[in-house]
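Chemist: This is input.pdb, which holds PDB, N, CA and C atoms:
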```pdb
MODEL        1
ATOM      1  N   MET A   1      60.979-155.324  58.258  1.00  0.00           N
ATOM      2  CA  MET A   1      59.994-154.293  58.523  1.00  0.00           C
ATOM      3  C   MET A   1      59.752-153.502  57.237  1.00  0.00           C
ATOM      4  N   ASN A   2      58.529-153.378  56.849  1.00  0.00           N
ATOM      5  CA  ASN A   2      58.156-152.593  55.684  1.00  0.00           C
ATOM      6  C   ASN A   2      57.627-151.243  56.127  1.00  0.00           C
ATOM      7  N   ALA A   3      58.076-150.212  55.476  1.00  0.00           N
ATOM      8  CA  ALA A   3      57.576-148.874  55.770  1.00  0.00           C
ATOM      9  C   ALA A   3      56.869-148.354  54.534  1.00  0.00           C
ATOM     10  N   THR A   4      55.707-147.828  54.721  1.00  0.00           N
ATOM     11  CA  THR A   4      54.986-147.227  53.613  1.00  0.00           C
ATOM     12  C   THR A   4      54.793-145.753  53.919  1.00  0.00           C
ATOM     13  N   LEU A   5      54.832-144.979  52.861  1.00  0.00           N
ATOM     14  CA  LEU A   5      54.731-143.537  53.012  1.00  0.00           C
ATOM     15  C   LEU A   5      53.962-143.006  51.811  1.00  0.00           C
ATOM     16  N   SER A   6      52.955-142.216  52.048  1.00  0.00           N
ATOM     17  CA  SER A   6      52.220-141.635  50.934  1.00  0.00           C
ATOM     18  C   SER A   6      53.067-140.526  50.315  1.00  0.00           C
ATOM     19  N   VAL A   7      52.723-140.149  49.128  1.00  0.00           N
ATOM     20  CA  VAL A   7      53.439-139.068  48.454  1.00  0.00           C
ATOM     21  C   VAL A   7      53.331-137.788  49.276  1.00  0.00           C
ATOM     22  N   GLN A   8      52.177-137.529  49.821  1.00  0.00           N
ATOM     23  CA  GLN A   8      51.994-136.326  50.640  1.00  0.00           C
ATOM     24  C   GLN A   8      52.876-136.378  51.880  1.00  0.00           C
ATOM     25  N   ASP A   9      52.950-137.544  52.533  1.00  0.00           N
ATOM     26  CA  ASP A   9      53.818-137.691  53.702  1.00  0.00           C
ATOM     27  C   ASP A   9      55.287-137.486  53.326  1.00  0.00           C
ATOM     28  N   LEU A  10      55.660-138.044  52.193  1.00  0.00           N
ATOM     29  CA  LEU A  10      57.034-137.870  51.723  1.00  0.00           C
ATOM     30  C   LEU A  10      57.336-136.403  51.474  1.00  0.00           C
ATOM     31  N   TRP A  11      56.405-135.703  50.813  1.00  0.00           N
ATOM     32  CA  TRP A  11      56.588-134.281  50.542  1.00  0.00           C
ATOM     33  C   TRP A  11      56.717-133.492  51.851  1.00  0.00           C
ATOM     34  N   SER A  12      55.921-133.839  52.824  1.00  0.00           N
ATOM     35  CA  SER A  12      56.007-133.171  54.127  1.00  0.00           C
ATOM     36  C   SER A  12      57.370-133.397  54.765  1.00  0.00           C
ATOM     37  N   GLN A  13      57.877-134.616  54.641  1.00  0.00           N
ATOM     38  CA  GLN A  13      59.200-134.913  55.187  1.00  0.00           C
ATOM     39  C   GLN A  13      60.294-134.122  54.457  1.00  0.00           C
ATOM     40  N   ILE A  14      60.174-134.006  53.147  1.00  0.00           N
ATOM     41  CA  ILE A  14      61.157-133.243  52.372  1.00  0.00           C
ATOM     42  C   ILE A  14      61.124-131.776  52.780  1.00  0.00           C
ATOM     43  N   LEU A  15      59.916-131.225  52.926  1.00  0.00           N
ATOM     44  CA  LEU A  15      59.801-129.817  53.319  1.00  0.00           C
ATOM     45  C   LEU A  15      60.351-129.559  54.714  1.00  0.00           C
ATOM     46  N   ALA A  16      60.349-130.589  55.554  1.00  0.00           N
ATOM     47  CA  ALA A  16      60.855-130.438  56.923  1.00  0.00           C
ATOM     48  C   ALA A  16      62.385-130.456  56.982  1.00  0.00           C
ATOM     49  N   LEU A  17      63.022-130.861  55.889  1.00  0.00           N
ATOM     50  CA  LEU A  17      64.479-130.899  55.877  1.00  0.00           C
ATOM     51  C   LEU A  17      65.064-129.494  55.878  1.00  0.00           C
ATOM     52  N   PRO A  18      66.274-129.328  56.434  1.00  0.00           N
ATOM     53  CA  PRO A  18      66.961-128.040  56.309  1.00  0.00           C
ATOM     54  C   PRO A  18      67.241-127.747  54.838  1.00  0.00           C
ATOM     55  N   ALA A  19      67.365-126.470  54.513  1.00  0.00           N
ATOM     56  CA  ALA A  19      67.539-126.053  53.116  1.00  0.00           C
ATOM     57  C   ALA A  19      68.725-126.756  52.456  1.00  0.00           C
ATOM     58  N   GLY A  20      69.826-126.873  53.161  1.00  0.00           N
ATOM     59  CA  GLY A  20      71.008-127.528  52.586  1.00  0.00           C
ATOM     60  C   GLY A  20      70.742-128.973  52.215  1.00  0.00           C
ATOM     61  N   ASP A  21      70.010-129.660  53.067  1.00  0.00           N
ATOM     62  CA  ASP A  21      69.667-131.059  52.782  1.00  0.00           C
ATOM     63  C   ASP A  21      68.703-131.162  51.605  1.00  0.00           C
ATOM     64  N   ARG A  22      67.762-130.220  51.507  1.00  0.00           N
ATOM     65  CA  ARG A  22      66.837-130.222  50.360  1.00  0.00           C
ATOM     66  C   ARG A  22      67.605-129.985  49.061  1.00  0.00           C
ATOM     67  N   HIS A  23      68.568-129.069  49.087  1.00  0.00           N
ATOM     68  CA  HIS A  23      69.375-128.815  47.883  1.00  0.00           C
ATOM     69  C   HIS A  23      70.192-130.048  47.506  1.00  0.00           C
ATOM     70  N   TRP A  24      70.750-130.718  48.524  1.00  0.00           N
ATOM     71  CA  TRP A  24      71.507-131.943  48.259  1.00  0.00           C
ATOM     72  C   TRP A  24      70.603-132.994  47.625  1.00  0.00           C
ATOM     73  N   LEU A  25      69.415-133.172  48.192  1.00  0.00           N
ATOM     74  CA  LEU A  25      68.469-134.144  47.661  1.00  0.00           C
ATOM     75  C   LEU A  25      68.076-133.795  46.228  1.00  0.00           C
ATOM     76  N   ALA A  26      67.811-132.516  45.980  1.00  0.00           N
ATOM     77  CA  ALA A  26      67.439-132.083  44.627  1.00  0.00           C
ATOM     78  C   ALA A  26      68.552-132.393  43.640  1.00  0.00           C
ATOM     79  N   SER A  27      69.802-132.125  44.021  1.00  0.00           N
ATOM     80  CA  SER A  27      70.911-132.390  43.097  1.00  0.00           C
ATOM     81  C   SER A  27      71.033-133.883  42.815  1.00  0.00           C
ATOM     82  N   LYS A  28      70.816-134.722  43.846  1.00  0.00           N
ATOM     83  CA  LYS A  28      70.866-136.169  43.636  1.00  0.00           C
ATOM     84  C   LYS A  28      69.751-136.629  42.699  1.00  0.00           C
ATOM     85  N   LEU A  29      68.565-136.065  42.850  1.00  0.00           N
ATOM     86  CA  LEU A  29      67.453-136.436  41.975  1.00  0.00           C
ATOM     87  C   LEU A  29      67.705-135.994  40.538  1.00  0.00           C
ATOM     88  N   TYR A  30      68.259-134.799  40.355  1.00  0.00           N
ATOM     89  CA  TYR A  30      68.590-134.338  39.007  1.00  0.00           C
ATOM     90  C   TYR A  30      69.663-135.221  38.390  1.00  0.00           C
ATOM     91  N   ASP A  31      70.691-135.556  39.181  1.00  0.00           N
ATOM     92  CA  ASP A  31      71.750-136.435  38.684  1.00  0.00           C
ATOM     93  C   ASP A  31      71.172-137.782  38.276  1.00  0.00           C
ATOM     94  N   TYR A  32      70.272-138.309  39.103  1.00  0.00           N
ATOM     95  CA  TYR A  32      69.649-139.597  38.797  1.00  0.00           C
ATOM     96  C   TYR A  32      68.892-139.519  37.477  1.00  0.00           C
ATOM     97  N   GLU A  33      68.143-138.455  37.281  1.00  0.00           N
ATOM     98  CA  GLU A  33      67.373-138.311  36.048  1.00  0.00           C
ATOM     99  C   GLU A  33      68.290-138.248  34.829  1.00  0.00           C
ATOM    100  N   GLU A  34      69.394-137.508  34.933  1.00  0.00           N
ATOM    101  CA  GLU A  34      70.332-137.416  33.810  1.00  0.00           C
ATOM    102  C   GLU A  34      70.908-138.776  33.477  1.00  0.00           C
ATOM    103  N   VAL A  35      71.343-139.510  34.488  1.00  0.00           N
ATOM    104  CA  VAL A  35      71.920-140.830  34.270  1.00  0.00           C
ATOM    105  C   VAL A  35      70.872-141.770  33.701  1.00  0.00           C
ATOM    106  N   HIS A  36      69.664-141.711  34.242  1.00  0.00           N
ATOM    107  CA  HIS A  36      68.596-142.590  33.767  1.00  0.00           C
ATOM    108  C   HIS A  36      68.273-142.314  32.303  1.00  0.00           C
ATOM    109  N   GLU A  37      68.214-141.037  31.915  1.00  0.00           N
ATOM    110  CA  GLU A  37      67.945-140.692  30.518  1.00  0.00           C
ATOM    111  C   GLU A  37      69.071-141.172  29.617  1.00  0.00           C
ATOM    112  N   GLU A  38      70.336-141.027  30.068  1.00  0.00           N
ATOM    113  CA  GLU A  38      71.458-141.499  29.274  1.00  0.00           C
ATOM    114  C   GLU A  38      71.401-143.015  29.107  1.00  0.00           C
ATOM    115  N   GLU A  39      71.028-143.728  30.169  1.00  0.00           N
ATOM    116  CA  GLU A  39      70.906-145.178  30.086  1.00  0.00           C
ATOM    117  C   GLU A  39      69.842-145.575  29.078  1.00  0.00           C
ATOM    118  N   GLU A  40      68.719-144.879  29.091  1.00  0.00           N
ATOM    119  CA  GLU A  40      67.653-145.188  28.138  1.00  0.00           C
ATOM    120  C   GLU A  40      68.131-144.974  26.714  1.00  0.00           C
ATOM    121  N   GLU A  41      68.911-143.900  26.486  1.00  0.00           N
ATOM    122  CA  GLU A  41      69.436-143.653  25.154  1.00  0.00           C
ATOM    123  C   GLU A  41      70.413-144.747  24.743  1.00  0.00           C
ATOM    124  N   ARG A  42      71.250-145.199  25.684  1.00  0.00           N
ATOM    125  CA  ARG A  42      72.228-146.235  25.380  1.00  0.00           C
ATOM    126  C   ARG A  42      71.567-147.576  25.133  1.00  0.00           C
ATOM    127  N   LEU A  43      70.417-147.803  25.727  1.00  0.00           N
ATOM    128  CA  LEU A  43      69.790-149.108  25.652  1.00  0.00           C
ATOM    129  C   LEU A  43      68.880-149.289  24.445  1.00  0.00           C
ATOM    130  N   THR A  44      68.853-148.325  23.559  1.00  0.00           N
ATOM    131  CA  THR A  44      68.032-148.513  22.372  1.00  0.00           C
ATOM    132  C   THR A  44      68.663-149.605  21.512  1.00  0.00           C
ATOM    133  N   PRO A  45      67.864-150.495  20.978  1.00  0.00           N
ATOM    134  CA  PRO A  45      68.418-151.604  20.194  1.00  0.00           C
ATOM    135  C   PRO A  45      69.034-151.111  18.888  1.00  0.00           C
ATOM    136  N   TYR A  46      70.070-151.812  18.469  1.00  0.00           N
ATOM    137  CA  TYR A  46      70.698-151.506  17.186  1.00  0.00           C
ATOM    138  C   TYR A  46      69.850-152.094  16.068  1.00  0.00           C
ATOM    139  N   THR A  47      69.897-151.442  14.934  1.00  0.00           N
ATOM    140  CA  THR A  47      69.184-151.975  13.775  1.00  0.00           C
ATOM    141  C   THR A  47      70.092-152.970  13.066  1.00  0.00           C
ATOM    142  N   MET A  48      69.496-153.817  12.267  1.00  0.00           N
ATOM    143  CA  MET A  48      70.287-154.773  11.491  1.00  0.00           C
ATOM    144  C   MET A  48      71.195-154.029  10.509  1.00  0.00           C
ATOM    145  N   GLU A  49      70.755-152.873  10.028  1.00  0.00           N
ATOM    146  CA  GLU A  49      71.589-152.089   9.119  1.00  0.00           C
ATOM    147  C   GLU A  49      72.854-151.621   9.823  1.00  0.00           C
ATOM    148  N   GLU A  50      72.717-151.166  11.082  1.00  0.00           N
ATOM    149  CA  GLU A  50      73.893-150.731  11.841  1.00  0.00           C
ATOM    150  C   GLU A  50      74.855-151.895  12.072  1.00  0.00           C
ATOM    151  N   ILE A  51      74.310-153.023  12.471  1.00  0.00           N
ATOM    152  CA  ILE A  51      75.151-154.193  12.745  1.00  0.00           C
ATOM    153  C   ILE A  51      75.865-154.644  11.477  1.00  0.00           C
ATOM    154  N   ASN A  52      75.134-154.720  10.376  1.00  0.00           N
ATOM    155  CA  ASN A  52      75.746-155.134   9.113  1.00  0.00           C
ATOM    156  C   ASN A  52      76.802-154.136   8.652  1.00  0.00           C
ATOM    157  N   ALA A  53      76.586-152.851   8.895  1.00  0.00           N
ATOM    158  CA  ALA A  53      77.580-151.839   8.524  1.00  0.00           C
ATOM    159  C   ALA A  53      78.854-152.029   9.340  1.00  0.00           C
ATOM    160  N   TRP A  54      78.719-152.337  10.625  1.00  0.00           N
ATOM    161  CA  TRP A  54      79.907-152.583  11.456  1.00  0.00           C
ATOM    162  C   TRP A  54      80.670-153.812  10.970  1.00  0.00           C
ATOM    163  N   ILE A  55      79.940-154.849  10.620  1.00  0.00           N
ATOM    164  CA  ILE A  55      80.583-156.065  10.119  1.00  0.00           C
ATOM    165  C   ILE A  55      81.306-155.767   8.820  1.00  0.00           C
ATOM    166  N   ASP A  56      80.653-155.054   7.910  1.00  0.00           N
ATOM    167  CA  ASP A  56      81.275-154.702   6.634  1.00  0.00           C
ATOM    168  C   ASP A  56      82.549-153.882   6.854  1.00  0.00           C
ATOM    169  N   GLU A  57      82.475-152.923   7.769  1.00  0.00           N
ATOM    170  CA  GLU A  57      83.637-152.082   8.069  1.00  0.00           C
ATOM    171  C   GLU A  57      84.785-152.918   8.641  1.00  0.00           C
ATOM    172  N   SER A  58      84.450-153.820   9.537  1.00  0.00           N
ATOM    173  CA  SER A  58      85.470-154.686  10.132  1.00  0.00           C
ATOM    174  C   SER A  58      86.112-155.597   9.095  1.00  0.00           C
ATOM    175  N   GLU A  59      85.294-156.158   8.236  1.00  0.00           N
ATOM    176  CA  GLU A  59      85.832-157.028   7.183  1.00  0.00           C
ATOM    177  C   GLU A  59      86.733-156.257   6.234  1.00  0.00           C
ATOM    178  N   ALA A  60      86.354-155.021   5.917  1.00  0.00           N
ATOM    179  CA  ALA A  60      87.191-154.186   5.044  1.00  0.00           C
ATOM    180  C   ALA A  60      88.508-153.841   5.737  1.00  0.00           C
ATOM    181  N   ASP A  61      88.458-153.518   7.019  1.00  0.00           N
ATOM    182  CA  ASP A  61      89.690-153.239   7.770  1.00  0.00           C
ATOM    183  C   ASP A  61      90.599-154.463   7.785  1.00  0.00           C
ATOM    184  N   PHE A  62      90.022-155.623   8.028  1.00  0.00           N
ATOM    185  CA  PHE A  62      90.819-156.844   8.069  1.00  0.00           C
ATOM    186  C   PHE A  62      91.461-157.116   6.712  1.00  0.00           C
ATOM    187  N   ALA A  63      90.681-156.972   5.644  1.00  0.00           N
ATOM    188  CA  ALA A  63      91.201-157.209   4.294  1.00  0.00           C
ATOM    189  C   ALA A  63      92.321-156.234   3.943  1.00  0.00           C
ATOM    190  N   ALA A  64      92.238-155.023   4.486  1.00  0.00           N
ATOM    191  CA  ALA A  64      93.262-154.011   4.210  1.00  0.00           C
ATOM    192  C   ALA A  64      94.452-154.122   5.160  1.00  0.00           C
ATOM    193  N   GLY A  65      94.401-155.075   6.082  1.00  0.00           N
ATOM    194  CA  GLY A  65      95.514-155.263   7.007  1.00  0.00           C
ATOM    195  C   GLY A  65      95.487-154.339   8.207  1.00  0.00           C
ATOM    196  N   ARG A  66      94.376-153.685   8.449  1.00  0.00           N
ATOM    197  CA  ARG A  66      94.264-152.770   9.589  1.00  0.00           C
ATOM    198  C   ARG A  66      93.729-153.515  10.810  1.00  0.00           C
ATOM    199  N   TYR A  67      94.573-154.345  11.369  1.00  0.00           N
ATOM    200  CA  TYR A  67      94.205-155.083  12.563  1.00  0.00           C
ATOM    201  C   TYR A  67      95.478-155.486  13.283  1.00  0.00           C
ATOM    202  N   ILE A  68      95.344-155.876  14.538  1.00  0.00           N
ATOM    203  CA  ILE A  68      96.473-156.444  15.270  1.00  0.00           C
ATOM    204  C   ILE A  68      95.988-157.733  15.921  1.00  0.00           C
ATOM    205  N   SER A  69      96.915-158.617  16.161  1.00  0.00           N
ATOM    206  CA  SER A  69      96.563-159.897  16.761  1.00  0.00           C
ATOM    207  C   SER A  69      96.287-159.721  18.248  1.00  0.00           C
ATOM    208  N   ASN A  70      95.658-160.711  18.820  1.00  0.00           N
ATOM    209  CA  ASN A  70      95.398-160.718  20.245  1.00  0.00           C
ATOM    210  C   ASN A  70      96.711-160.670  21.026  1.00  0.00           C
ATOM    211  N   GLU A  71      97.714-161.401  20.556  1.00  0.00           N
ATOM    212  CA  GLU A  71      99.011-161.408  21.222  1.00  0.00           C
ATOM    213  C   GLU A  71      99.628-160.019  21.229  1.00  0.00           C
ATOM    214  N   GLU A  72      99.534-159.327  20.092  1.00  0.00           N
ATOM    215  CA  GLU A  72     100.087-157.974  20.007  1.00  0.00           C
ATOM    216  C   GLU A  72      99.333-157.017  20.928  1.00  0.00           C
ATOM    217  N   MET A  73      98.029-157.145  20.988  1.00  0.00           N
ATOM    218  CA  MET A  73      97.242-156.284  21.881  1.00  0.00           C
ATOM    219  C   MET A  73      97.619-156.548  23.335  1.00  0.00           C
ATOM    220  N   ASN A  74      97.789-157.812  23.699  1.00  0.00           N
ATOM    221  CA  ASN A  74      98.204-158.136  25.062  1.00  0.00           C
ATOM    222  C   ASN A  74      99.573-157.539  25.374  1.00  0.00           C
ATOM    223  N   ARG A  75     100.510-157.600  24.418  1.00  0.00           N
ATOM    224  CA  ARG A  75     101.832-157.022  24.618  1.00  0.00           C
ATOM    225  C   ARG A  75     101.730-155.518  24.840  1.00  0.00           C
ATOM    226  N   ARG A  76     100.924-154.848  24.033  1.00  0.00           N
ATOM    227  CA  ARG A  76     100.751-153.399  24.180  1.00  0.00           C
ATOM    228  C   ARG A  76     100.113-153.038  25.515  1.00  0.00           C
ATOM    229  N   MET A  77      99.127-153.832  25.934  1.00  0.00           N
ATOM    230  CA  MET A  77      98.478-153.564  27.212  1.00  0.00           C
ATOM    231  C   MET A  77      99.463-153.754  28.368  1.00  0.00           C
ATOM    232  N   GLU A  78     100.314-154.763  28.268  1.00  0.00           N
ATOM    233  CA  GLU A  78     101.313-154.982  29.313  1.00  0.00           C
ATOM    234  C   GLU A  78     102.291-153.806  29.372  1.00  0.00           C
ATOM    235  N   GLN A  79     102.705-153.301  28.223  1.00  0.00           N
ATOM    236  CA  GLN A  79     103.585-152.128  28.195  1.00  0.00           C
ATOM    237  C   GLN A  79     102.886-150.923  28.814  1.00  0.00           C
ATOM    238  N   PHE A  80     101.621-150.754  28.497  1.00  0.00           N
ATOM    239  CA  PHE A  80     100.840-149.651  29.043  1.00  0.00           C
ATOM    240  C   PHE A  80     100.784-149.750  30.569  1.00  0.00           C
ATOM    241  N   ARG A  81     100.499-150.937  31.078  1.00  0.00           N
ATOM    242  CA  ARG A  81     100.442-151.141  32.529  1.00  0.00           C
ATOM    243  C   ARG A  81     101.779-150.823  33.187  1.00  0.00           C
ATOM    244  N   GLU A  82     102.861-151.248  32.560  1.00  0.00           N
ATOM    245  CA  GLU A  82     104.189-151.002  33.119  1.00  0.00           C
ATOM    246  C   GLU A  82     104.473-149.500  33.222  1.00  0.00           C
ATOM    247  N   VAL A  83     104.081-148.753  32.204  1.00  0.00           N
ATOM    248  CA  VAL A  83     104.323-147.308  32.190  1.00  0.00           C
ATOM    249  C   VAL A  83     103.400-146.590  33.183  1.00  0.00           C
ATOM    250  N   CYS A  84     102.147-146.960  33.218  1.00  0.00           N
ATOM    251  CA  CYS A  84     101.163-146.240  34.028  1.00  0.00           C
ATOM    252  C   CYS A  84     101.167-146.617  35.493  1.00  0.00           C
ATOM    253  N   TYR A  85     101.552-147.823  35.813  1.00  0.00           N
ATOM    254  CA  TYR A  85     101.410-148.290  37.182  1.00  0.00           C
ATOM    255  C   TYR A  85     102.748-148.557  37.867  1.00  0.00           C
ATOM    256  N   LYS A  86     103.794-147.847  37.441  1.00  0.00           N
ATOM    257  CA  LYS A  86     105.097-147.981  38.108  1.00  0.00           C
ATOM    258  C   LYS A  86     105.114-147.251  39.398  1.00  0.00           C
TER     259      LYS A  86
ENDMDL
END
```
I need this file expressed as structure tokens, please.
Modeler:
Amino acid sequence: MNATLSVQDLWSQILALPAGDRHWLASKLYDYEEVHEEEEERLTPYTMEEINAWIDESEADFAAGRYISNEEMNRRMEQFREVCYK
């Protein structure tokens, strides 16, 4: 079943809600807008300069010995789980 509602009908329905429900709806709409704006900011594409800078930084860290192996990271994560989830 499809339901269609004009903007005016929707507005009439919103106005018919009790004040508490209207405030709840308003807060949900504001929250949605904030999250949507944050998503748009996060979804902006990276530039090639940014990507190349990250690669350069990573290569410099690796050359300087500032890295850990996958095995070491797994060991640390297991220790973390043991401490946090006992």
Chemist: Please, what distance in Å, to one decimal, runs between atom N of Gln13 of chain A and atom C of Ala26 of chain A?
Modeler: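 Those two atoms sit 15.5 Å apart.
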Chemist: Please measure the separation of atom C of Arg66 of chain A and atom C of Met48 of chain A, giving the value in Å to one decimal.
Modeler: 22.5 Å
Chemist: Kindly provide, as AutoDock Vina command-line options, the centre and edge lengths (Å, one decimal) of an axis-aligned box around all atoms of segment 45-52 of chain A given in the file, with 5 Å on each side.
Modeler:
```
--center_x 72.3 --center_y -152.8 --center_z 14.8 --size_x 18.9 --size_y 14.6 --size_z 22.3
```
Chemist: Taking only segment 7-68 of chain A into account, list the residues labelled alpha helix (DSSP H) by DSSP (computed from the backbone), as a short mmCIF file (atom, residue, chain, number, x, y, z; two decimals) with N, CA and C atoms, in the coordinates of the input.
Modeler:
```cif
data_model
loop_
_atom_site.label_atom_id
_atom_site.label_comp_id
_atom_site.auth_asym_id
_atom_site.auth_seq_id
_atom_site.Cartn_x
_atom_site.Cartn_y
_atom_site.Cartn_z
N VAL A 7 52.72 -140.15 49.13
CA VAL A 7 53.44 -139.07 48.45
C VAL A 7 53.33 -137.79 49.28
N GLN A 8 52.18 -137.53 49.82
CA GLN A 8 51.99 -136.33 50.64
C GLN A 8 52.88 -136.38 51.88
N ASP A 9 52.95 -137.54 52.53
CA ASP A 9 53.82 -137.69 53.70
C ASP A 9 55.29 -137.49 53.33
N LEU A 10 55.66 -138.04 52.19
CA LEU A 10 57.03 -137.87 51.72
C LEU A 10 57.34 -136.40 51.47
N TRP A 11 56.40 -135.70 50.81
CA TRP A 11 56.59 -134.28 50.54
C TRP A 11 56.72 -133.49 51.85
N SER A 12 55.92 -133.84 52.82
CA SER A 12 56.01 -133.17 54.13
C SER A 12 57.37 -133.40 54.76
N GLN A 13 57.88 -134.62 54.64
CA GLN A 13 59.20 -134.91 55.19
C GLN A 13 60.29 -134.12 54.46
N ILE A 14 60.17 -134.01 53.15
CA ILE A 14 61.16 -133.24 52.37
C ILE A 14 61.12 -131.78 52.78
N LEU A 15 59.92 -131.22 52.93
CA LEU A 15 59.80 -129.82 53.32
C LEU A 15 60.35 -129.56 54.71
N ALA A 16 60.35 -130.59 55.55
CA ALA A 16 60.86 -130.44 56.92
C ALA A 16 62.38 -130.46 56.98
N ALA A 19 67.36 -126.47 54.51
CA ALA A 19 67.54 -126.05 53.12
C ALA A 19 68.72 -126.76 52.46
N GLY A 20 69.83 -126.87 53.16
CA GLY A 20 71.01 -127.53 52.59
C GLY A 20 70.74 -128.97 52.22
N ASP A 21 70.01 -129.66 53.07
CA ASP A 21 69.67 -131.06 52.78
C ASP A 21 68.70 -131.16 51.60
N ARG A 22 67.76 -130.22 51.51
CA ARG A 22 66.84 -130.22 50.36
C ARG A 22 67.60 -129.99 49.06
N HIS A 23 68.57 -129.07 49.09
CA HIS A 23 69.38 -128.82 47.88
C HIS A 23 70.19 -130.05 47.51
N TRP A 24 70.75 -130.72 48.52
CA TRP A 24 71.51 -131.94 48.26
C TRP A 24 70.60 -132.99 47.62
N LEU A 25 69.42 -133.17 48.19
CA LEU A 25 68.47 -134.14 47.66
C LEU A 25 68.08 -133.79 46.23
N ALA A 26 67.81 -132.52 45.98
CA ALA A 26 67.44 -132.08 44.63
C ALA A 26 68.55 -132.39 43.64
N SER A 27 69.80 -132.12 44.02
CA SER A 27 70.91 -132.39 43.10
C SER A 27 71.03 -133.88 42.82
N LYS A 28 70.82 -134.72 43.85
CA LYS A 28 70.87 -136.17 43.64
C LYS A 28 69.75 -136.63 42.70
N LEU A 29 68.56 -136.06 42.85
CA LEU A 29 67.45 -136.44 41.98
C LEU A 29 67.70 -135.99 40.54
N TYR A 30 68.26 -134.80 40.35
CA TYR A 30 68.59 -134.34 39.01
C TYR A 30 69.66 -135.22 38.39
N ASP A 31 70.69 -135.56 39.18
CA ASP A 31 71.75 -136.44 38.68
C ASP A 31 71.17 -137.78 38.28
N TYR A 32 70.27 -138.31 39.10
CA TYR A 32 69.65 -139.60 38.80
C TYR A 32 68.89 -139.52 37.48
N GLU A 33 68.14 -138.46 37.28
CA GLU A 33 67.37 -138.31 36.05
C GLU A 33 68.29 -138.25 34.83
N GLU A 34 69.39 -137.51 34.93
CA GLU A 34 70.33 -137.42 33.81
C GLU A 34 70.91 -138.78 33.48
N VAL A 35 71.34 -139.51 34.49
CA VAL A 35 71.92 -140.83 34.27
C VAL A 35 70.87 -141.77 33.70
N HIS A 36 69.66 -141.71 34.24
CA HIS A 36 68.60 -142.59 33.77
C HIS A 36 68.27 -142.31 32.30
N GLU A 37 68.21 -141.04 31.92
CA GLU A 37 67.94 -140.69 30.52
C GLU A 37 69.07 -141.17 29.62
N GLU A 38 70.34 -141.03 30.07
CA GLU A 38 71.46 -141.50 29.27
C GLU A 38 71.40 -143.01 29.11
N GLU A 39 71.03 -143.73 30.17
CA GLU A 39 70.91 -145.18 30.09
C GLU A 39 69.84 -145.57 29.08
N GLU A 40 68.72 -144.88 29.09
CA GLU A 40 67.65 -145.19 28.14
C GLU A 40 68.13 -144.97 26.71
N GLU A 41 68.91 -143.90 26.49
CA GLU A 41 69.44 -143.65 25.15
C GLU A 41 70.41 -144.75 24.74
N ARG A 42 71.25 -145.20 25.68
CA ARG A 42 72.23 -146.24 25.38
C ARG A 42 71.57 -147.58 25.13
N MET A 48 69.50 -153.82 12.27
CA MET A 48 70.29 -154.77 11.49
C MET A 48 71.19 -154.03 10.51
N GLU A 49 70.76 -152.87 10.03
CA GLU A 49 71.59 -152.09 9.12
C GLU A 49 72.85 -151.62 9.82
N GLU A 50 72.72 -151.17 11.08
CA GLU A 50 73.89 -150.73 11.84
C GLU A 50 74.86 -151.90 12.07
N ILE A 51 74.31 -153.02 12.47
CA ILE A 51 75.15 -154.19 12.74
C ILE A 51 75.86 -154.64 11.48
N ASN A 52 75.13 -154.72 10.38
CA ASN A 52 75.75 -155.13 9.11
C ASN A 52 76.80 -154.14 8.65
N ALA A 53 76.59 -152.85 8.90
CA ALA A 53 77.58 -151.84 8.52
C ALA A 53 78.85 -152.03 9.34
N TRP A 54 78.72 -152.34 10.62
CA TRP A 54 79.91 -152.58 11.46
C TRP A 54 80.67 -153.81 10.97
N ILE A 55 79.94 -154.85 10.62
CA ILE A 55 80.58 -156.06 10.12
C ILE A 55 81.31 -155.77 8.82
N ASP A 56 80.65 -155.05 7.91
CA ASP A 56 81.28 -154.70 6.63
C ASP A 56 82.55 -153.88 6.85
N GLU A 57 82.48 -152.92 7.77
CA GLU A 57 83.64 -152.08 8.07
C GLU A 57 84.78 -152.92 8.64
N SER A 58 84.45 -153.82 9.54
CA SER A 58 85.47 -154.69 10.13
C SER A 58 86.11 -155.60 9.10
N GLU A 59 85.29 -156.16 8.24
CA GLU A 59 85.83 -157.03 7.18
C GLU A 59 86.73 -156.26 6.23
N ALA A 60 86.35 -155.02 5.92
CA ALA A 60 87.19 -154.19 5.04
C ALA A 60 88.51 -153.84 5.74
N ASP A 61 88.46 -153.52 7.02
CA ASP A 61 89.69 -153.24 7.77
C ASP A 61 90.60 -154.46 7.78
N PHE A 62 90.02 -155.62 8.03
CA PHE A 62 90.82 -156.84 8.07
C PHE A 62 91.46 -157.12 6.71
N ALA A 63 90.68 -156.97 5.64
CA ALA A 63 91.20 -157.21 4.29
C ALA A 63 92.32 -156.23 3.94
#
```
